[in-house]
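Below is the file protein27.csv, which contains CSV, C-alpha atoms and all ligand atoms.
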```csv
chain,number,residue,atom,x,y,z
A,1,MET,CA,115.2,-72.5,-12.7
A,2,PHE,CA,114.3,-72.5,-16.4
A,3,LYS,CA,111.0,-74.2,-15.6
A,4,LYS,CA,110.3,-71.6,-12.9
A,5,ALA,CA,111.0,-68.8,-15.4
A,6,VAL,CA,108.6,-70.4,-18.0
A,7,ILE,CA,105.9,-70.8,-15.4
A,8,THR,CA,106.4,-67.2,-14.3
A,9,LEU,CA,106.1,-66.0,-17.9
A,10,ILE,CA,103.0,-68.0,-18.5
A,11,SER,CA,101.4,-66.6,-15.3
A,12,LEU,CA,102.4,-63.1,-16.3
A,13,LEU,CA,101.0,-63.5,-19.8
A,14,LEU,CA,97.7,-64.6,-18.3
A,15,ALA,CA,97.7,-61.6,-15.9
A,16,SER,CA,98.6,-59.4,-18.8
A,17,ALA,CA,95.6,-60.6,-20.8
A,18,LEU,CA,93.4,-59.9,-17.9
A,19,LEU,CA,94.8,-56.5,-17.1
A,20,GLY,CA,94.3,-55.6,-20.7
A,21,GLY,CA,90.7,-55.9,-19.7
A,22,CYS,CA,89.4,-57.8,-22.7
A,23,SER,CA,87.1,-60.8,-22.1
A,24,ALA,CA,86.8,-63.4,-24.8
A,25,GLY,CA,83.7,-61.6,-26.2
A,26,ASP,CA,85.7,-58.5,-27.0
A,27,THR,CA,88.0,-60.1,-29.5
A,28,SER,CA,85.8,-59.4,-32.5
A,29,SER,CA,86.7,-55.7,-32.3
A,30,GLU,CA,90.3,-56.3,-31.6
A,31,THR,CA,92.4,-55.7,-34.7
A,32,TYR,CA,95.8,-56.8,-33.5
A,33,SER,CA,97.8,-57.3,-30.3
A,34,ASP,CA,101.2,-58.5,-29.4
A,35,THR,CA,103.1,-59.3,-26.2
A,36,ALA,CA,106.8,-59.2,-25.3
A,37,PHE,CA,109.0,-59.5,-22.2
A,38,MET,CA,110.5,-56.1,-21.6
A,39,LEU,CA,111.2,-53.8,-18.6
A,40,ASP,CA,111.6,-57.1,-16.7
A,41,THR,CA,107.8,-57.6,-17.1
A,42,VAL,CA,105.2,-58.6,-19.6
A,43,VAL,CA,104.3,-55.8,-22.0
A,44,SER,CA,101.4,-55.9,-24.4
A,45,VAL,CA,99.9,-53.5,-26.9
A,46,LYS,CA,96.4,-54.0,-28.3
A,47,ILE,CA,95.1,-51.9,-31.2
A,48,TYR,CA,91.5,-51.7,-32.2
A,49,GLY,CA,89.6,-50.2,-35.2
A,50,VAL,CA,92.3,-50.0,-37.9
A,51,PRO,CA,93.4,-52.4,-40.7
A,52,GLU,CA,95.7,-55.2,-39.4
A,53,ALA,CA,98.7,-54.0,-41.3
A,54,ASP,CA,98.5,-50.6,-39.8
A,55,ALA,CA,98.0,-52.1,-36.3
A,56,ARG,CA,101.0,-54.4,-36.8
A,57,ALA,CA,103.2,-51.5,-37.8
A,58,ALA,CA,101.9,-49.5,-34.8
A,59,VAL,CA,102.7,-52.3,-32.3
A,60,ASP,CA,106.2,-52.8,-33.8
A,61,ALA,CA,106.8,-49.0,-33.4
A,62,ALA,CA,105.6,-49.2,-29.8
A,63,PHE,CA,107.9,-52.0,-28.9
A,64,SER,CA,110.9,-50.2,-30.5
A,65,GLU,CA,110.0,-47.1,-28.5
A,66,ILE,CA,109.8,-49.1,-25.2
A,67,ALA,CA,113.2,-50.7,-25.9
A,68,ARG,CA,114.7,-47.3,-26.6
A,69,LEU,CA,113.3,-45.8,-23.4
A,70,GLU,CA,114.3,-48.9,-21.4
A,71,GLY,CA,117.9,-48.2,-22.5
A,72,VAL,CA,117.7,-44.6,-21.4
A,73,LEU,CA,115.8,-45.0,-18.1
A,74,SER,CA,117.0,-48.3,-16.7
A,75,SER,CA,119.2,-48.5,-13.6
A,76,ASN,CA,120.6,-51.8,-14.8
A,77,ILE,CA,122.5,-50.8,-17.9
A,78,VAL,CA,126.2,-50.1,-17.5
A,79,GLY,CA,127.2,-46.9,-19.3
A,80,ASN,CA,123.8,-45.3,-19.8
A,81,GLY,CA,123.0,-41.9,-18.4
A,82,ILE,CA,121.5,-43.2,-15.1
A,83,ASP,CA,124.6,-45.3,-14.5
A,84,LEU,CA,126.9,-42.3,-15.3
A,85,LEU,CA,124.9,-40.1,-13.0
A,86,ALA,CA,125.7,-42.6,-10.1
A,87,GLN,CA,129.4,-42.9,-11.2
A,88,ASN,CA,129.7,-39.1,-11.2
A,89,ALA,CA,127.9,-38.6,-7.9
A,90,GLY,CA,129.7,-36.1,-5.6
A,91,THR,CA,132.1,-35.2,-8.4
A,92,GLY,CA,130.4,-33.6,-11.4
A,93,TYR,CA,127.5,-33.0,-13.7
A,94,THR,CA,126.3,-35.5,-16.3
A,95,GLU,CA,124.6,-34.8,-19.6
A,96,LEU,CA,121.4,-37.0,-19.9
A,97,ASP,CA,119.0,-37.7,-22.6
A,98,TYR,CA,115.9,-35.5,-22.8
A,99,ASP,CA,113.6,-38.3,-21.5
A,100,ALA,CA,115.8,-39.0,-18.5
A,101,VAL,CA,115.9,-35.3,-17.5
A,102,TYR,CA,112.1,-35.0,-18.0
A,103,VAL,CA,111.4,-38.1,-15.8
A,104,LEU,CA,113.9,-37.0,-13.1
A,105,ARG,CA,112.2,-33.5,-12.9
A,106,LYS,CA,108.8,-35.2,-12.7
A,107,ALA,CA,110.1,-37.5,-10.0
A,108,VAL,CA,111.4,-34.6,-8.0
A,109,GLU,CA,108.0,-33.0,-8.2
A,110,TYR,CA,106.4,-36.1,-6.8
A,111,ALA,CA,109.1,-36.4,-4.1
A,112,GLU,CA,108.2,-32.9,-3.0
A,113,LEU,CA,104.4,-33.5,-3.2
A,114,THR,CA,104.7,-36.7,-1.1
A,115,GLY,CA,107.3,-35.4,1.4
A,116,GLY,CA,109.8,-38.0,0.2
A,117,ALA,CA,107.6,-41.1,0.5
A,118,PHE,CA,108.3,-41.4,-3.3
A,119,ASP,CA,112.0,-40.6,-3.8
A,120,PRO,CA,114.0,-41.4,-7.0
A,121,THR,CA,117.2,-41.3,-5.0
A,122,VAL,CA,116.1,-44.5,-3.3
A,123,GLY,CA,118.7,-46.3,-5.5
A,124,PRO,CA,121.1,-47.3,-2.7
A,125,VAL,CA,118.3,-48.9,-0.7
A,126,VAL,CA,117.0,-50.8,-3.7
A,127,ALA,CA,120.5,-52.0,-4.6
A,128,LEU,CA,121.2,-53.1,-1.0
A,129,TRP,CA,118.1,-55.3,-0.8
A,130,ASN,CA,118.6,-56.5,-4.3
A,131,ILE,CA,115.1,-58.0,-4.6
A,132,ARG,CA,114.6,-60.0,-7.8
A,133,ASN,CA,112.9,-63.2,-8.8
A,134,GLY,CA,112.3,-64.6,-5.3
A,135,SER,CA,115.8,-63.7,-4.0
A,136,GLY,CA,117.2,-60.8,-2.0
A,137,TYR,CA,119.4,-59.8,0.9
A,138,VAL,CA,118.3,-58.9,4.5
A,139,PRO,CA,120.7,-56.1,5.5
A,140,THR,CA,121.8,-55.3,9.0
A,141,ASP,CA,120.3,-52.2,10.8
A,142,GLU,CA,123.6,-50.4,10.1
A,143,GLU,CA,123.5,-51.2,6.4
A,144,ARG,CA,119.9,-50.0,6.2
A,145,ALA,CA,120.7,-46.7,8.0
A,146,ALA,CA,123.7,-46.1,5.8
A,147,ALA,CA,121.7,-46.6,2.6
A,148,ALA,CA,118.8,-44.5,3.9
A,149,ALA,CA,121.2,-41.7,4.7
A,150,LEU,CA,122.1,-41.5,1.0
A,151,VAL,CA,118.4,-40.9,0.0
A,152,ASP,CA,117.6,-37.2,-0.5
A,153,TYR,CA,115.8,-35.9,-3.6
A,154,ASN,CA,117.0,-32.3,-2.6
A,155,LYS,CA,120.4,-33.4,-3.6
A,156,ILE,CA,119.5,-33.9,-7.3
A,157,LEU,CA,121.1,-30.8,-8.8
A,158,PHE,CA,120.1,-29.4,-12.3
A,159,ASP,CA,122.4,-26.9,-13.9
A,160,GLU,CA,121.5,-24.2,-16.4
A,161,ASN,CA,122.5,-26.4,-19.3
A,162,GLY,CA,120.1,-29.1,-18.3
A,163,ARG,CA,122.8,-31.4,-16.9
A,164,VAL,CA,122.3,-33.3,-13.7
A,165,MET,CA,124.4,-34.1,-10.6
A,166,LEU,CA,123.9,-36.1,-7.5
A,167,ALA,CA,125.5,-34.1,-4.7
A,168,ASP,CA,127.0,-36.9,-2.6
A,169,THR,CA,129.3,-39.8,-3.5
A,170,GLY,CA,127.3,-43.1,-3.2
A,171,MET,CA,124.0,-41.6,-4.3
A,172,SER,CA,122.1,-43.2,-7.2
A,173,VAL,CA,118.7,-42.9,-8.8
A,174,ASN,CA,116.2,-45.6,-9.5
A,175,LEU,CA,113.3,-44.7,-11.8
A,176,GLY,CA,111.5,-48.1,-11.5
A,177,ALA,CA,108.5,-46.5,-9.8
A,178,ILE,CA,107.8,-43.9,-12.4
A,179,ALA,CA,109.5,-44.9,-15.7
A,180,LYS,CA,106.8,-47.4,-16.8
A,181,GLY,CA,104.2,-44.7,-16.5
A,182,TYR,CA,106.3,-42.2,-18.6
A,183,ILE,CA,106.9,-44.9,-21.2
A,184,ALA,CA,103.2,-45.7,-21.5
A,185,ASP,CA,102.5,-42.0,-22.1
A,186,ARG,CA,105.2,-41.8,-24.8
A,187,VAL,CA,103.8,-44.9,-26.5
A,188,LYS,CA,100.3,-43.4,-26.5
A,189,ALA,CA,101.7,-40.2,-28.1
A,190,LEU,CA,103.5,-42.3,-30.7
A,191,LEU,CA,100.4,-44.4,-31.5
A,192,THR,CA,98.2,-41.3,-31.7
A,193,SER,CA,100.7,-39.8,-34.2
A,194,MET,CA,100.2,-42.9,-36.3
A,195,GLY,CA,96.4,-42.4,-36.4
A,196,ILE,CA,95.5,-45.0,-33.7
A,197,GLU,CA,92.4,-43.9,-31.6
A,198,HIS,CA,91.6,-47.1,-29.7
A,199,ALA,CA,94.2,-49.1,-27.8
A,200,VAL,CA,95.3,-50.6,-24.5
A,201,ILE,CA,99.0,-50.4,-23.5
A,202,SER,CA,99.9,-52.7,-20.6
A,203,LEU,CA,103.4,-52.6,-19.1
A,204,GLY,CA,103.1,-55.0,-16.1
A,205,GLY,CA,100.8,-53.4,-13.6
A,206,ASN,CA,100.6,-50.2,-15.7
A,207,VAL,CA,97.6,-50.1,-18.1
A,208,LEU,CA,96.9,-47.1,-20.3
A,209,ALA,CA,93.6,-47.2,-22.2
A,210,PHE,CA,93.0,-44.7,-24.9
A,211,GLY,CA,89.7,-44.0,-26.6
A,212,GLY,CA,87.1,-46.5,-25.7
A,213,LYS,CA,86.4,-49.6,-27.9
A,214,PRO,CA,85.4,-48.8,-31.5
A,215,ASP,CA,81.8,-49.9,-30.7
A,216,GLY,CA,81.6,-47.0,-28.2
A,217,SER,CA,81.8,-49.1,-25.0
A,218,ASP,CA,84.4,-48.7,-22.2
A,219,PHE,CA,87.5,-50.8,-21.6
A,220,VAL,CA,87.1,-53.0,-18.5
A,221,ILE,CA,90.4,-53.3,-16.5
A,222,GLY,CA,90.9,-55.9,-13.8
A,223,ILE,CA,92.6,-55.0,-10.5
A,224,GLN,CA,94.8,-57.8,-9.2
A,225,ASP,CA,93.8,-59.4,-5.9
A,226,PRO,CA,96.9,-59.0,-3.7
A,227,PHE,CA,95.9,-62.3,-1.9
A,228,GLY,CA,95.1,-64.3,-5.0
A,229,SER,CA,97.3,-66.0,-7.6
A,230,THR,CA,98.6,-63.9,-10.5
A,231,GLY,CA,95.7,-63.0,-12.8
A,232,GLU,CA,93.0,-63.4,-10.0
A,233,ILE,CA,91.2,-60.1,-9.8
A,234,ALA,CA,89.7,-58.3,-6.8
A,235,ALA,CA,87.7,-55.7,-8.8
A,236,THR,CA,87.1,-54.2,-12.2
A,237,VAL,CA,86.9,-50.6,-13.4
A,238,SER,CA,85.4,-49.3,-16.6
A,239,VAL,CA,87.5,-46.7,-18.3
A,240,ARG,CA,88.2,-44.7,-21.5
A,241,ASP,CA,91.1,-42.4,-22.0
A,242,MET,CA,92.5,-43.3,-18.6
A,243,SER,CA,95.6,-44.8,-17.0
A,244,VAL,CA,95.1,-47.5,-14.4
A,245,VAL,CA,98.4,-48.2,-12.5
A,246,SER,CA,98.8,-50.7,-9.6
A,247,SER,CA,101.6,-51.2,-7.1
A,248,GLY,CA,101.6,-54.0,-4.5
A,249,ASP,CA,103.5,-56.3,-2.2
A,250,TYR,CA,102.5,-59.4,-4.1
A,251,GLU,CA,104.6,-59.2,-7.3
A,252,ARG,CA,108.2,-58.7,-6.4
A,253,TYR,CA,109.4,-60.1,-3.1
A,254,PHE,CA,111.4,-62.7,-1.4
A,255,GLU,CA,111.0,-64.6,1.9
A,256,ALA,CA,113.6,-65.2,4.6
A,257,ASP,CA,112.9,-66.8,8.0
A,258,GLY,CA,109.1,-66.8,7.3
A,259,ILE,CA,109.1,-63.0,6.6
A,260,ARG,CA,108.0,-61.6,3.3
A,261,TYR,CA,110.2,-58.6,2.1
A,262,HIS,CA,108.7,-56.8,-0.9
A,263,HIS,CA,110.2,-54.2,-3.2
A,264,ILE,CA,108.4,-50.9,-2.3
A,265,MET,CA,110.7,-49.1,0.1
A,266,ASP,CA,110.1,-46.7,2.9
A,267,PRO,CA,113.0,-44.3,2.0
A,268,PHE,CA,113.3,-43.2,5.6
A,269,ALA,CA,113.6,-46.7,7.0
A,270,GLY,CA,115.7,-48.0,4.2
A,271,ALA,CA,113.4,-51.1,4.3
A,272,PRO,CA,110.2,-52.4,2.7
A,273,ALA,CA,107.3,-50.1,3.6
A,274,ASN,CA,105.0,-51.5,6.3
A,275,SER,CA,102.0,-49.2,5.9
A,276,GLY,CA,99.2,-51.7,6.2
A,277,ILE,CA,98.5,-51.6,2.4
A,278,SER,CA,98.8,-54.6,0.1
A,279,GLY,CA,97.6,-53.1,-3.2
A,280,VAL,CA,97.2,-49.6,-4.6
A,281,THR,CA,95.5,-48.7,-7.9
A,282,ILE,CA,95.6,-45.2,-9.2
A,283,LEU,CA,93.4,-43.8,-12.0
A,284,SER,CA,94.7,-40.7,-13.7
A,285,ASP,CA,94.9,-39.1,-17.1
A,286,LYS,CA,98.7,-39.5,-17.5
A,287,SER,CA,100.3,-42.7,-16.5
A,288,VAL,CA,103.5,-41.0,-15.3
A,289,ASP,CA,101.4,-39.4,-12.5
A,290,GLY,CA,99.6,-42.7,-11.7
A,291,ASP,CA,102.9,-44.6,-11.5
A,292,ALA,CA,104.6,-42.2,-9.1
A,293,LEU,CA,101.4,-41.9,-7.0
A,294,SER,CA,100.8,-45.6,-6.7
A,295,THR,CA,104.2,-46.1,-5.1
A,296,ALA,CA,103.8,-43.0,-2.9
A,297,VAL,CA,100.4,-44.0,-1.6
A,298,PHE,CA,101.6,-47.5,-0.8
A,299,VAL,CA,104.4,-46.0,1.3
A,300,LEU,CA,102.1,-43.3,2.9
A,301,GLY,CA,99.4,-45.8,4.0
A,302,ARG,CA,95.6,-45.5,3.8
A,303,ASN,CA,94.8,-42.3,5.6
A,304,GLU,CA,97.6,-40.1,4.3
A,305,GLY,CA,97.4,-41.7,0.9
A,306,LEU,CA,93.7,-41.2,0.5
A,307,GLU,CA,94.0,-37.6,1.7
A,308,LEU,CA,96.7,-37.0,-0.9
A,309,ILE,CA,94.5,-38.5,-3.7
A,310,GLU,CA,91.4,-36.6,-2.7
A,311,SER,CA,93.4,-33.3,-2.8
A,312,LEU,CA,94.4,-33.9,-6.5
A,313,ASP,CA,92.1,-33.1,-9.4
A,314,GLY,CA,91.4,-36.0,-11.9
A,315,VAL,CA,93.1,-38.6,-9.8
A,316,GLU,CA,91.2,-41.5,-8.1
A,317,CYS,CA,92.4,-44.6,-6.2
A,318,VAL,CA,91.4,-48.1,-5.0
A,319,LEU,CA,93.3,-49.3,-1.9
A,320,ILE,CA,93.3,-52.9,-0.6
A,321,GLY,CA,94.6,-53.1,3.0
A,322,SER,CA,96.8,-55.9,4.3
A,323,GLY,CA,93.8,-57.4,6.1
A,324,GLY,CA,91.7,-57.2,2.9
A,325,GLU,CA,89.9,-53.9,3.7
A,326,ARG,CA,88.9,-51.9,0.7
A,327,THR,CA,88.9,-48.2,0.2
A,328,VAL,CA,87.7,-46.2,-2.9
A,329,SER,CA,88.2,-42.5,-3.4
A,330,SER,CA,85.1,-40.3,-3.7
A,331,GLY,CA,85.1,-39.9,-7.5
A,332,LEU,CA,85.3,-43.6,-8.2
A,333,LYS,CA,82.5,-45.0,-6.1
A,334,ASP,CA,80.2,-45.7,-9.1
A,335,SER,CA,82.7,-47.2,-11.5
A,336,VAL,CA,84.5,-49.8,-9.5
A,337,VAL,CA,83.0,-53.3,-9.1
A,338,PHE,CA,84.4,-55.6,-6.4
A,339,ARG,CA,84.3,-59.4,-7.0
B,1,LIG,P1,106.2,-49.5,-8.4
B,1,LIG,O1,105.6,-49.4,-7.1
B,1,LIG,O2,105.8,-48.6,-9.5
B,1,LIG,O3,107.8,-49.3,-8.3
B,1,LIG,C1,108.6,-49.9,-7.3
B,1,LIG,C2,110.0,-49.9,-7.7
B,1,LIG,O4,110.5,-48.6,-7.6
B,1,LIG,C3,110.9,-50.8,-6.9
B,1,LIG,O5,111.1,-52.0,-7.5
B,1,LIG,C4,112.2,-49.9,-6.8
B,1,LIG,O6,112.9,-50.1,-8.0
B,1,LIG,C5,111.6,-48.5,-6.8
B,1,LIG,N1,111.2,-48.0,-5.5
B,1,LIG,C6,111.0,-48.7,-4.4
B,1,LIG,N2,110.6,-47.9,-3.4
B,1,LIG,C7,110.5,-46.6,-3.9
B,1,LIG,C8,110.2,-45.3,-3.4
B,1,LIG,N3,109.7,-45.2,-2.1
B,1,LIG,N4,110.3,-44.2,-4.2
B,1,LIG,C9,110.7,-44.4,-5.5
B,1,LIG,N5,111.0,-45.6,-6.0
B,1,LIG,C10,110.9,-46.7,-5.3
B,1,LIG,N6,113.9,-55.2,-13.1
B,1,LIG,C11,114.9,-56.1,-13.1
B,1,LIG,O7,114.9,-57.0,-12.3
B,1,LIG,N7,115.9,-56.0,-14.0
B,1,LIG,C12,116.0,-55.0,-14.9
B,1,LIG,O8,116.9,-55.0,-15.7
B,1,LIG,C13,115.0,-54.0,-15.0
B,1,LIG,N8,115.0,-53.0,-15.8
B,1,LIG,C14,114.0,-52.1,-15.8
B,1,LIG,C15,114.1,-51.0,-16.7
B,1,LIG,C16,113.1,-50.0,-16.7
B,1,LIG,C17,113.2,-48.8,-17.6
B,1,LIG,C18,112.0,-50.1,-15.8
B,1,LIG,C19,110.9,-49.1,-15.8
B,1,LIG,C20,111.9,-51.2,-14.9
B,1,LIG,C21,112.9,-52.2,-14.9
B,1,LIG,N9,112.9,-53.3,-14.0
B,1,LIG,C22,113.9,-54.2,-14.0
B,1,LIG,C23,111.8,-53.4,-13.1
B,1,LIG,C24,112.0,-52.4,-11.9
B,1,LIG,O9,113.2,-52.7,-11.3
B,1,LIG,C25,110.8,-52.5,-10.9
B,1,LIG,O10,110.8,-53.7,-10.3
B,1,LIG,C26,109.5,-52.2,-11.5
B,1,LIG,O11,109.6,-51.0,-12.3
B,1,LIG,C27,108.5,-52.1,-10.4
B,1,LIG,O12,107.3,-51.6,-10.9
B,1,LIG,P2,106.0,-51.8,-10.2
B,1,LIG,O13,104.9,-51.2,-11.0
B,1,LIG,O14,105.8,-53.2,-9.8
B,1,LIG,O15,106.1,-51.1,-8.8
B,2,MG,MG,104.9,-46.7,-9.3
```
Can the structure from this file be put into structure tokens for me?
Amino acid sequence: MFKKAVITLISLLLASALLGGCSAGDTSSETYSDTAFMLDTVVSVKIYGVPEADARAAVDAAFSEIARLEGVLSSNIVGNGIDLLAQNAGTGYTELDYDAVYVLRKAVEYAELTGGAFDPTVGPVVALWNIRNGSGYVPTDEERAAAAALVDYNKILFDENGRVMLADTGMSVNLGAIAKGYIADRVKALLTSMGIEHAVISLGGNVLAFGGKPDGSDFVIGIQDPFGSTGEIAATVSVRDMSVVSSGDYERYFEADGIRYHHIMDPFAGAPANSGISGVTILSDKSVDGDALSTAVFVLGRNEGLELIESLDGVECVLIGSGGERTVSSGLKDSVVFR
């Protein structure tokens, strides 16, 4: 088990290095970078163009902020606001931290925009399948239906004092599909306030590049090949001041009786989405938007997903279908290079 964890960590570190988008030739302009295991994934922050002591202080501050926000936004911490919200479901309002209320409001916006394909009240479905580290539970049809019946973003109630309540007993929220994006945006704001102008923040599949490189060139970000091993890339995109967020069926899943069950749920079915997509990458200004949209487009599938992305200003996507077919939104055709 320990050996498996070490191998997983090494693979993730390799993937993280790649997703950071820096080939060996880039290291001369890299001032400082560090990697940690947080948010149940590999997190790295690379700072360019400032003296090493400043970069080191900035990375330390970034990791502290990530840890703080993990405490506030995680669904796995007994006694935090997200846990109390579930405990008080159906009975009363809960006072939450500013960040949790902000992310919940954003999540409701995306639930509305996507007709519930993205829904932060998917908590009971996520808990039922309990997918982690290669293990999980295949529920009965009745169990799926019962969990799906508890999912309804319209039942997140906000009162005039900014407190929040889930209307029905048994409801819970899970912000796993949007929180990493929000955290990346907050870390960018923090680093900017510390005078950093060139950096790459990578939280698992969420990459936020700001500025370009100090030499004026773009950052090159790799997109994971859903059918390859971890770190094997299907395409690259060149970006500056851009979030690049990926969701896929290849990272978190378990297998039972020869069937692969992954972690992105169709909230209506109460089961892993089966939309014909294996990987979605969203490019956007803010990472919170890219994170919510990557999950939503995965659930919606190619046609509806692409239509949604084309309707939004400043948002682009790369889709890889379950049969390997590739789709790129209209604004991105010149900047993505497939391998
Ligand atoms: P995304 O597609 O961005 O998100 C998928 C995740 O969102 C799923 O894992 C599920 O949690 C949720 N989800 C599934 N379907 C939907 C849907 N239709 N609408 C909305 N949400 C959906 N993992 C652990 O194993 N243990 C931990 O303690 C833990 N703590 C975390 C704390 C924080 C603050 C965050 C952000 C993540 C944490 N994670 C933890 C990881 C988390 O559970 C998810 O697995 C991870 O965020 C998935 O991100 P992704 O980019 O791979 O996929
Ligand atoms: Mg997401």
Within 7 Å of ligand MG 2 (chain B), which residues of chain A come that close, and what is the closest atom pair and distance in Å for each? Count only C-alpha atoms and all ligand atoms and give it as JSON lines.
```
{"residue": "A:Ala177", "atom": "CA", "partner": "B:MG2", "partner_atom": "MG", "distance": 3.6}
{"residue": "A:Ile178", "atom": "CA", "partner": "B:MG2", "partner_atom": "MG", "distance": 5.1}
{"residue": "A:Ser247", "atom": "CA", "partner": "B:MG2", "partner_atom": "MG", "distance": 6.0}
{"residue": "A:Asp291", "atom": "CA", "partner": "B:MG2", "partner_atom": "MG", "distance": 3.6}
{"residue": "A:Ala292", "atom": "CA", "partner": "B:MG2", "partner_atom": "MG", "distance": 4.5}
{"residue": "A:Leu293", "atom": "CA", "partner": "B:MG2", "partner_atom": "MG", "distance": 6.4}
{"residue": "A:Ser294", "atom": "CA", "partner": "B:MG2", "partner_atom": "MG", "distance": 5.0}
{"residue": "A:Thr295", "atom": "CA", "partner": "B:MG2", "partner_atom": "MG", "distance": 4.3}
```
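Minimum atom-to-atom distances from A:Phe158, A:Phe118, A:Phe210, A:Phe219 to Pro267 of chain A were compared using all atoms listed in the file, and the lowest value belongs to A:Phe118.
Proximity to ligand LIG 1 (chain B) was assessed for A:Asp54, A:Glu251, A:Asp168, A:Glu112 counting all atoms listed in the file; the smallest distance is recorded for A:Glu251.
Distances from A:Lys213, A:Lys333, A:Arg186, A:His262 to ligand LIG 1 (chain B) were compared using only C-alpha atoms and all ligand atoms, and the smallest one belongs to A:His262.
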request  = Report as an MDAnalysis selection string which protein, DNA and RNA residues come within 7 Å of ligand LIG 1 (chain B), using all atoms listed in the file.
outcome  = chainID A and resid 39:40 69:71 73:76 117:120 122 126 132 174:180 204:206 246:248 251:252 263:267 291:292 294:296 299
task = Write out as a list in words the residues lying within 9 Å of segment 329-331 of chain A, counting all atoms listed in the file and excluding same-chain residues fewer than 5 positions away.
result = Leu306, Ile309, Glu310, Gly314, Val315, Glu316, Cys317, Val318 and Leu319 of chain A
message = Quick check, in Å to one decimal: how far apart do atom CA of Ser193 of chain A and atom CA of Tyr48 of chain A lie?
response = 15.2 Å
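From atom CA of Ser243 of chain A back to atom CA of Gly211 of chain A, the distance works out to 11.3 Å.
Comparing the minimum interatomic distances between Gly321 of chain A and each of A:Ala167, A:Gly270, A:Gly231, A:Asp225, counting all atoms listed in the file, we find that A:Asp225 sits nearest.
What separates atom CA of Ala111 of chain A from atom CA of Val173 of chain A is a distance of 12.5 Å.
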Give me segment 132-136 of chain A with all heavy atoms filled in, as a PDB file, keeping the file's coordinate frame.
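Once everything was written out, this is selection.pdb:
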```pdb
ATOM      1  N   ARG A 132     114.959 -59.583  -6.426  1.00  0.00           N
ATOM      2  CA  ARG A 132     114.600 -60.000  -7.800  1.00  0.00           C
ATOM      3  C   ARG A 132     114.291 -61.478  -7.806  1.00  0.00           C
ATOM      4  O   ARG A 132     114.936 -62.264  -7.118  1.00  0.00           O
ATOM      5  CB  ARG A 132     115.748 -59.677  -8.772  1.00  0.00           C
ATOM      6  CG  ARG A 132     117.121 -60.204  -8.402  1.00  0.00           C
ATOM      7  CD  ARG A 132     118.195 -59.641  -9.305  1.00  0.00           C
ATOM      8  NE  ARG A 132     118.377 -58.216  -9.091  1.00  0.00           N
ATOM      9  CZ  ARG A 132     118.303 -57.314 -10.070  1.00  0.00           C
ATOM     10  NH1 ARG A 132     118.047 -57.677 -11.300  1.00  0.00           N
ATOM     11  NH2 ARG A 132     118.513 -56.046  -9.804  1.00  0.00           N
ATOM     12  N   ASN A 133     113.257 -61.807  -8.546  1.00  0.00           N
ATOM     13  CA  ASN A 133     112.900 -63.200  -8.800  1.00  0.00           C
ATOM     14  C   ASN A 133     112.978 -64.135  -7.616  1.00  0.00           C
ATOM     15  O   ASN A 133     113.562 -65.202  -7.663  1.00  0.00           O
ATOM     16  CB  ASN A 133     113.951 -63.729  -9.858  1.00  0.00           C
ATOM     17  CG  ASN A 133     113.257 -64.067 -11.144  1.00  0.00           C
ATOM     18  OD1 ASN A 133     112.039 -64.234 -11.162  1.00  0.00           O
ATOM     19  ND2 ASN A 133     114.027 -64.158 -12.210  1.00  0.00           N
ATOM     20  N   GLY A 134     112.390 -63.680  -6.497  1.00  0.00           N
ATOM     21  CA  GLY A 134     112.300 -64.600  -5.300  1.00  0.00           C
ATOM     22  C   GLY A 134     113.543 -64.547  -4.442  1.00  0.00           C
ATOM     23  O   GLY A 134     113.589 -65.234  -3.433  1.00  0.00           O
ATOM     24  N   SER A 135     114.569 -63.764  -4.819  1.00  0.00           N
ATOM     25  CA  SER A 135     115.800 -63.700  -4.000  1.00  0.00           C
ATOM     26  C   SER A 135     116.020 -62.287  -3.507  1.00  0.00           C
ATOM     27  O   SER A 135     115.451 -61.337  -4.048  1.00  0.00           O
ATOM     28  CB  SER A 135     116.976 -64.251  -4.720  1.00  0.00           C
ATOM     29  OG  SER A 135     117.369 -63.304  -5.691  1.00  0.00           O
ATOM     30  N   GLY A 136     116.867 -62.154  -2.510  1.00  0.00           N
ATOM     31  CA  GLY A 136     117.200 -60.800  -2.000  1.00  0.00           C
ATOM     32  C   GLY A 136     118.124 -60.963  -0.801  1.00  0.00           C
ATOM     33  O   GLY A 136     118.548 -62.073  -0.467  1.00  0.00           O
TER      34      GLY A 136
END
```
